[in-house]
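Q: My questions all concern the structure below.
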Amino acid sequence: MRGRRDETGRVDELIHAARDGRGGALVLLGEAGIGKSTLLGHARSAAAGFRVVEASGAEFEIELPYAGLHQLCVPLTRTFPVAPDLFQAGLKTLELLVYAARERPLLCLIDDAHWLDTASRRAMAFAARRIAAEPIVMIFAAREPGVLDELPGLRVSGLTDAEARAVLADGHRTLDEQVRERIVAEARGNPLALLELPSAGGFGPVADGPAGADSPAGGSGPAGDGFGPVADGPARVERSYRDRLAALPDGARLLLTVASADPTGDPGLLWPAVRGLEVDVPAATASGLVEFGTRVRFCHPLARSAVYRAAPAADRRTAHGVLAAVTDPAADPDRRAWHRAQAGTGPDDDIAAELERSAARARTRGGVVAAAAFLERAAALSLDPVARAERTLAAAQANLDAGHTEAAERLLTTVAVDRHTSRMDDPGGERQAARVDDPGGERHAARVDLLRGQIAFARRDDTDGPMLVLRAASRTAGTDPAWSRERVLDALEMALVAGRADGVLDLVLAAAPASRTPDVLSALKILTSDGHSAAVPLLRAALAEPLWTRHPGLAVMIASELWDPHTHAAIVEWLIKAGRESGSPQVLRLGLAQEASRAALAGDLDAATTAIAEEEAIADATGLPRVYYHRLQVAAMRGRPDEALFAAALAAPGSLVANVHWAEAVLRNGIGDYPAALAAAQRAVSCGDLFLAGAALPELVEAAVRCGAPATEALRSLTERTDASGTATGLGVAAYAKGLVLGVEDHYREAVERLAESPLLPYRGRAHLLYGEWLRRQGRRRDSRQHLRTAHETLSAAGIEAFARRAADELRATGERRASPDSAQLTDQEQAIAREVAAGATSGEVAARLFISPRTVDAHLRNIFRKLGVTSRRQLRDHPALSAPR
């Protein structure tokens, strides 16, 4: 620990803070042997009274999903699922760590984090970012930057020459000065190199003779003799471990190889595995490379790596084979399959099939990451070229579903190369044509184009994505028109979801192959050619089918275009259920984002905040790009200008541009900035997108009337849509828009009556607000008060603050004083927490809903109490700012 005052001080600070209930995470970065593992040991020693759990990444298990997380969690619970859903893994890990830290602080030490599998690393990082209010410390050790960059890091640098000489003096007092200086130069401050190099060839008295001992310092003796120009100290240290290994009997080396192949360090697995082998336990123990106790622990991660790398391929296969044999096929079938795969000598269709079954099991548990890894390995082990291609495409799709676009693209490249090789082996295509129902290869190419388009779209490439999918559709237009039309819908959905449908709709519809049966494409063609009145019956019929099970984004847009909140809510419910059951983060995120939108439009901003919290947690856990439109809608309904949020949304690739403008128009109308609202609404309408253009029209009408600008064309376009849809919501909104333009009281009355049946509370409140404002301007103050009171009570109870303030201002103008909602002091998250607690939820229940820790909830509650001037949870229940929405 010489020269490590700063590093140990940082670790000690984390430990002390955790004792006081303030958790934290730290990533130690540095080359092999620089002292990261020693610092982890220091943390272990400093954490007296802590419960300590450890894990270590293993190079050969880097593709086995949740291998590292399994090590960390098994000591805490024996019921942790092997391959849970990627997002749920992070959440459940957090819950497990918080539960384990209830009685005493918890220290988690994760070595070789650069070799953690992706699923484990993301789950651990998810938890590490949420332990600030818990007595938990998580310390990771990794060799290179780029691993867990989102967590606080500490670069562990080399020792100074003076510190290096002191280390040598402590452990090797007999070294002469020339050798000592050469070791200092070679080690470059690496502590492990300083400790190990003196026993490596050429640096001291070693058993195999004075190889290179007579060479001058800095000479050019044999490579590895200690005096040649060897620049990598850690590599030399690993070689010294191999030298120690080489001197051991075969039985000791085999035992160490089996131990290195099982990074769990479970002696209950190791000893049964080696029972039938000729192993030498005393010699392995005497080597100092490993310690056999309640856990099998190597002296350093480099030692484990050296043992595994140095073992002959046959010994490694033997090791994995015996471990597979003792791994319970019922309790841990997937690790068993993985060991079997590592034990094989080459392609093996039986093992490939077992891995494919593991992938299917992972899918049923929602483990798309695990499924992708198992399928990829299954493809690599497949002898049959057709099965190999199918499994590779399935692996690419699974990686895409998991948000791993780079892995999906790499696999598609592999498919292309493999197909080219197969054609060279079978130039006439007879064998392939006989075995695949794709004689011209177009269906295969179409599937590849489809995946490439989906990958491009996932990367927010809003041009290439739809175009590649259209190319996939064109390849099978003649042979499989039904599949082709589905792909056309995929392309259209991409363009709509990206908010870039302007100009794409005509192109997409022109590419659709003919169909004898009317469907959603037929309806959309009629919409573009003949208008809403002709198309709405067909669109409604298309929605009556389970369109949303195949194209949920498109279904959402059509339901909203029809001003049909009930169908929209049904689609959202299906999306969330399907996303949870399948484990697909994309589907679940779409469902949650749409749930946030639904709740915001319904005036349930607390439910919207809860959905946003889960959606953002999934994005955080999976590393997927964040979306903004649901947050914008909540901000718009709240009436809280957030310039940074709107700017970030416009700058984000693939943003729903029209949605940004619509949200800004709602926001500006709410706060009475009508010129800005008019400009934003005009921008939203000009995009021409389904739903978004129609939704922006009421905002355009109101802003135009307030600014004295023409509004008749916007009103005509709005009424064309709402008359065709015939829903209470659409007709009610159009009615108050008519009242604004024409000034006829019957239109305001109609709006109030129709919107009383609508689930969209903000529009209901706004109808009363607009009617009350009109009545007051007509000099009918007494009549206006009834509607203004209803508007104020409805909107303020729901947290629709800007429009509620407009109602309060109008009431004051009639001579009646009404306060603005107190909840304006609270942030969105504080508001959600306050309402949950006021309804009787515990801190643990609120934490689970908002994906934070219970202590974080309590910290927010302290701020809420201060802002609202209350001192207890009971007082929150009766606070006027937290009344339940009507």
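So you can find residues: chains in the structure tokens are A, B, ... in the order shown, residues in each start at 1, and ligands are numbered from 1 in order.
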Show me, as an mmCIF file with N, CA, C and O atoms, in the first residue's frame, the residues that have an atom within 10 Å of Arg716 in chain A when counting only C-alpha atoms, minus same-chain residues fewer than 3 positions from it.

A:
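Done, and the output landed in out_25.cif:
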data_model
loop_
_atom_site.group_PDB
_atom_site.id
_atom_site.type_symbol
_atom_site.label_atom_id
_atom_site.label_comp_id
_atom_site.auth_asym_id
_atom_site.auth_seq_id
_atom_site.Cartn_x
_atom_site.Cartn_y
_atom_site.Cartn_z
ATOM 1 N N LEU A 697 -54.204 21.539 -33.968
ATOM 2 C CA LEU A 697 -55.162 22.493 -34.538
ATOM 3 C C LEU A 697 -55.938 23.267 -33.476
ATOM 4 O O LEU A 697 -56.142 24.486 -33.627
ATOM 5 N N ALA A 711 -58.209 32.286 -38.368
ATOM 6 C CA ALA A 711 -58.302 30.957 -37.769
ATOM 7 C C ALA A 711 -59.307 30.068 -38.476
ATOM 8 O O ALA A 711 -59.489 28.916 -38.089
ATOM 9 N N THR A 712 -59.964 30.571 -39.525
ATOM 10 C CA THR A 712 -61.039 29.801 -40.151
ATOM 11 C C THR A 712 -60.527 28.536 -40.835
ATOM 12 O O THR A 712 -61.186 27.490 -40.793
ATOM 13 N N GLU A 713 -59.368 28.595 -41.477
ATOM 14 C CA GLU A 713 -58.848 27.413 -42.169
ATOM 15 C C GLU A 713 -58.466 26.331 -41.161
ATOM 16 O O GLU A 713 -58.733 25.145 -41.377
ATOM 17 N N THR A 719 -62.561 20.582 -37.772
ATOM 18 C CA THR A 719 -63.922 20.034 -37.801
ATOM 19 C C THR A 719 -64.046 18.903 -38.820
ATOM 20 O O THR A 719 -64.833 17.971 -38.616
ATOM 21 N N GLU A 720 -63.274 18.959 -39.913
ATOM 22 C CA GLU A 720 -63.284 17.839 -40.859
ATOM 23 C C GLU A 720 -62.855 16.553 -40.162
ATOM 24 O O GLU A 720 -63.459 15.485 -40.345
ATOM 25 N N ARG A 721 -61.833 16.647 -39.350
ATOM 26 C CA ARG A 721 -61.330 15.479 -38.629
ATOM 27 C C ARG A 721 -62.315 15.008 -37.557
ATOM 28 O O ARG A 721 -62.628 13.818 -37.441
ATOM 29 N N ALA A 734 -63.721 20.495 -30.918
ATOM 30 C CA ALA A 734 -64.090 21.304 -32.078
ATOM 31 C C ALA A 734 -65.158 22.331 -31.719
ATOM 32 O O ALA A 734 -65.148 23.456 -32.247
ATOM 33 N N LYS A 738 -64.986 26.333 -32.271
ATOM 34 C CA LYS A 738 -65.998 27.121 -32.987
ATOM 35 C C LYS A 738 -66.441 28.310 -32.147
ATOM 36 O O LYS A 738 -66.649 29.426 -32.668
#

Q: As a VMD selection string, please: every residue in range 54-118 of chain A that a backbone DSSP assignment puts in strand (DSSP E).

A: chain A and resid 54 to 56 106 to 111

Q: Please identify all polymer residues within 8 Å of Leu400 in chain A, counting only C-alpha atoms, omitting same-chain residues fewer than 6 positions from it, and present them as a list of chain:residue names.

A: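 Close residues of Leu400 in chain A: A:Ala407, A:Ala408, A:Gln454, A:Ile455.
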
Q: Give me a file of those residues, with N, CA and C atoms, as a short mmCIF file (atom, residue, chain, number, x, y, z; two decimals), in the first residue's frame.

A:
data_model
loop_
_atom_site.label_atom_id
_atom_site.label_comp_id
_atom_site.auth_asym_id
_atom_site.auth_seq_id
_atom_site.Cartn_x
_atom_site.Cartn_y
_atom_site.Cartn_z
N ALA A 407 -23.94 -5.33 -31.99
CA ALA A 407 -23.87 -6.79 -32.06
C ALA A 407 -24.78 -7.31 -33.16
N ALA A 408 -25.98 -6.73 -33.28
CA ALA A 408 -26.90 -7.16 -34.34
C ALA A 408 -26.30 -6.91 -35.72
N GLN A 454 -34.21 -1.89 -39.27
CA GLN A 454 -34.55 -1.75 -37.85
C GLN A 454 -33.36 -1.26 -37.04
N ILE A 455 -32.16 -1.72 -37.41
CA ILE A 455 -30.95 -1.26 -36.73
C ILE A 455 -30.75 0.23 -36.98
#

Q: Which of these, A:Thr476, A:Ala680, A:Arg550, A:Arg459, has the shortest distance to Pro625 in chain A once you count only C-alpha atoms?

A: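 Going through A:Thr476, A:Ala680, A:Arg550, A:Arg459 one by one, the smallest distance to Pro625 in chain A is for A:Arg459.
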
Q: Counting only C-alpha atoms, what is within 7 Å of range 514-528 of chain A, bar same-chain residues fewer than 3 positions away, as a CSV table (one decimal) with C-alpha atoms, in the first residue's frame?

A:
chain,number,residue,atom,x,y,z
A,509,LEU,CA,-48.2,3.9,-49.9
A,531,GLY,CA,-60.0,12.9,-46.9
A,532,HIS,CA,-61.1,11.9,-43.4
A,534,ALA,CA,-64.1,8.7,-46.6
A,535,ALA,CA,-61.2,7.1,-44.7
A,538,LEU,CA,-61.9,2.0,-42.9
A,539,LEU,CA,-59.4,3.2,-40.3
A,542,ALA,CA,-58.5,-1.6,-39.3

Q: As an exercise, work out the distance from CA of Arg855 in chain A to CA of Ala838 in chain A in Å and give it to one decimal place.

A: 17.5 Å

Q: Compile the contact shell of Trp774 in chain A as a PyMOL selection string: residues with an atom at most 10 Å away, counting only C-alpha atoms, same-chain residues fewer than 3 positions apart removed.

A: chain A and resi 739-740+743-745+748+768-771+777-781+784

Q: Which is closest to Ala724 in chain A among A:Ala360, A:Leu562, A:Ile110, A:Ala379, if we use only C-alpha atoms?

A: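 The closest residue to Ala724 in chain A is A:Leu562.
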
Q: Residues near Ala123 in chain A, anyone? I mean within 12 Å using only C-alpha atoms, not counting same-chain ones fewer than 3 positions away, as a ChimeraX atom specification.

A: /A:65-70,72-73,83-97,116-120,126-130,148,369,617-623

Q: Would you save the residues from that selection as a short mmCIF file (atom, residue, chain, number, x, y, z; two decimals), in the first residue's frame, using N, CA and C atoms?

A:
data_model
loop_
_atom_site.label_atom_id
_atom_site.label_comp_id
_atom_site.auth_asym_id
_atom_site.auth_seq_id
_atom_site.Cartn_x
_atom_site.Cartn_y
_atom_site.Cartn_z
N PRO A 65 -24.65 -14.33 -20.21
CA PRO A 65 -25.43 -13.27 -19.55
C PRO A 65 -25.62 -13.52 -18.06
N TYR A 66 -25.41 -12.48 -17.29
CA TYR A 66 -25.63 -12.46 -15.85
C TYR A 66 -24.67 -13.36 -15.07
N ALA A 67 -23.57 -13.78 -15.71
CA ALA A 67 -22.60 -14.61 -14.99
C ALA A 67 -22.02 -13.84 -13.81
N GLY A 68 -21.63 -12.59 -14.04
CA GLY A 68 -21.07 -11.78 -12.96
C GLY A 68 -22.10 -11.42 -11.91
N LEU A 69 -23.29 -11.09 -12.36
CA LEU A 69 -24.35 -10.71 -11.41
C LEU A 69 -24.72 -11.90 -10.52
N HIS A 70 -24.68 -13.07 -11.10
CA HIS A 70 -24.97 -14.28 -10.33
C HIS A 70 -23.99 -14.42 -9.17
N LEU A 72 -22.40 -12.04 -7.62
CA LEU A 72 -22.64 -10.99 -6.63
C LEU A 72 -23.87 -11.30 -5.79
N CYS A 73 -24.90 -11.86 -6.43
CA CYS A 73 -26.18 -11.98 -5.75
C CYS A 73 -26.40 -13.30 -5.03
N ALA A 83 -31.50 -15.62 -15.60
CA ALA A 83 -31.58 -14.72 -16.76
C ALA A 83 -32.86 -13.92 -16.74
N PRO A 84 -32.99 -13.01 -15.82
CA PRO A 84 -34.20 -12.20 -15.78
C PRO A 84 -34.18 -11.14 -16.87
N ASP A 85 -35.29 -10.45 -17.01
CA ASP A 85 -35.35 -9.34 -17.95
C ASP A 85 -34.26 -8.33 -17.61
N LEU A 86 -33.67 -7.78 -18.67
CA LEU A 86 -32.52 -6.90 -18.49
C LEU A 86 -32.84 -5.74 -17.55
N PHE A 87 -33.97 -5.10 -17.76
CA PHE A 87 -34.33 -3.97 -16.91
C PHE A 87 -34.65 -4.43 -15.50
N GLN A 88 -35.45 -5.51 -15.39
CA GLN A 88 -35.81 -6.00 -14.07
C GLN A 88 -34.58 -6.47 -13.30
N ALA A 89 -33.56 -6.95 -14.02
CA ALA A 89 -32.34 -7.38 -13.33
C ALA A 89 -31.74 -6.22 -12.55
N GLY A 90 -31.66 -5.05 -13.18
CA GLY A 90 -31.11 -3.89 -12.48
C GLY A 90 -31.96 -3.49 -11.30
N LEU A 91 -33.27 -3.48 -11.50
CA LEU A 91 -34.18 -3.10 -10.42
C LEU A 91 -34.13 -4.10 -9.28
N LYS A 92 -34.17 -5.39 -9.61
CA LYS A 92 -34.16 -6.40 -8.55
C LYS A 92 -32.81 -6.44 -7.83
N THR A 93 -31.74 -6.16 -8.57
CA THR A 93 -30.43 -6.08 -7.91
C THR A 93 -30.43 -4.96 -6.88
N LEU A 94 -30.96 -3.81 -7.27
CA LEU A 94 -31.06 -2.70 -6.33
C LEU A 94 -31.88 -3.08 -5.12
N GLU A 95 -33.04 -3.69 -5.36
CA GLU A 95 -33.90 -4.09 -4.24
C GLU A 95 -33.18 -5.08 -3.33
N LEU A 96 -32.46 -6.03 -3.94
CA LEU A 96 -31.76 -7.04 -3.16
C LEU A 96 -30.66 -6.41 -2.31
N LEU A 97 -29.89 -5.48 -2.89
CA LEU A 97 -28.83 -4.83 -2.14
C LEU A 97 -29.40 -4.00 -0.99
N LEU A 116 -16.72 -8.35 -17.16
CA LEU A 116 -18.11 -8.65 -16.84
C LEU A 116 -18.93 -8.75 -18.12
N ASP A 117 -19.88 -9.66 -18.15
CA ASP A 117 -20.80 -9.69 -19.28
C ASP A 117 -21.63 -8.41 -19.28
N THR A 118 -22.09 -8.04 -20.46
CA THR A 118 -22.80 -6.76 -20.62
C THR A 118 -24.03 -6.67 -19.73
N ALA A 119 -24.79 -7.76 -19.64
CA ALA A 119 -26.01 -7.73 -18.83
C ALA A 119 -25.69 -7.46 -17.36
N SER A 120 -24.67 -8.13 -16.85
CA SER A 120 -24.29 -7.92 -15.44
C SER A 120 -23.79 -6.50 -15.22
N PHE A 126 -26.80 0.15 -13.00
CA PHE A 126 -28.15 0.66 -12.69
C PHE A 126 -28.33 0.79 -11.18
N ALA A 127 -27.93 -0.27 -10.46
CA ALA A 127 -28.06 -0.24 -9.00
C ALA A 127 -27.11 0.79 -8.39
N ALA A 128 -25.88 0.85 -8.91
CA ALA A 128 -24.87 1.74 -8.33
C ALA A 128 -25.28 3.20 -8.43
N ARG A 129 -26.04 3.56 -9.46
CA ARG A 129 -26.47 4.95 -9.60
C ARG A 129 -27.63 5.30 -8.68
N ARG A 130 -28.14 4.34 -7.93
CA ARG A 130 -29.33 4.59 -7.12
C ARG A 130 -29.14 4.24 -5.65
N LEU A 148 -18.06 1.30 -17.40
CA LEU A 148 -18.78 1.98 -16.32
C LEU A 148 -18.41 3.45 -16.24
N VAL A 369 -31.44 -10.46 -23.56
CA VAL A 369 -29.98 -10.41 -23.64
C VAL A 369 -29.41 -11.82 -23.59
N ALA A 617 -35.82 4.58 -16.43
CA ALA A 617 -35.01 3.57 -15.76
C ALA A 617 -34.64 2.46 -16.74
N ILE A 618 -35.56 2.09 -17.62
CA ILE A 618 -35.26 1.07 -18.62
C ILE A 618 -34.19 1.58 -19.57
N ALA A 619 -34.34 2.83 -20.03
CA ALA A 619 -33.31 3.40 -20.91
C ALA A 619 -31.96 3.42 -20.22
N ASP A 620 -31.98 3.75 -18.94
CA ASP A 620 -30.74 3.78 -18.15
C ASP A 620 -30.12 2.39 -18.06
N ALA A 621 -30.97 1.38 -17.81
CA ALA A 621 -30.48 0.02 -17.64
C ALA A 621 -29.98 -0.60 -18.93
N THR A 622 -30.58 -0.23 -20.05
CA THR A 622 -30.24 -0.86 -21.32
C THR A 622 -29.28 -0.05 -22.17
N GLY A 623 -29.04 1.20 -21.79
CA GLY A 623 -28.14 2.02 -22.59
C GLY A 623 -28.77 2.53 -23.87
#

Q: If we count only C-alpha atoms and set the cut-off at 6 Å, which residues sit around range 259-273 of chain A, ignoring sequence neighbours fewer than 5 positions away in its own chain? Please answer as a count of residues only.

A: 8

Q: Report, in Å with one decimal, the straight-line distance from CA of Pro762 in chain A to CA of Gly603 in chain A.

A: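 Spanning CA of Pro762 in chain A to CA of Gly603 in chain A is a straight-line distance of 5.6 Å.
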
Q: For CA of Leu194 in chain A and CA of Leu248 in chain A, quote the distance in Å rounded to one decimal.

A: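 Separation of CA of Leu194 in chain A and CA of Leu248 in chain A: 23.5 Å.
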
Q: I'd like to know which of A:Val448, A:Ala370, A:Leu624, A:Val281 is closest to His404 in chain A, using only C-alpha atoms.

A: A:Leu624

Q: As number ranges by chain, list the residues of range 443-517 of chain A assigned to helix (DSSP H, G or I) by DSSP on the backbone atoms of this structure.

A: A: 443-458, 464-475, 481-497, 504-511

Q: Ranking A:Arg789, A:Arg336, A:Arg849, A:His114 by minimum distance to Ala613 in chain A and counting only C-alpha atoms, which one comes first?

A: A:Arg849
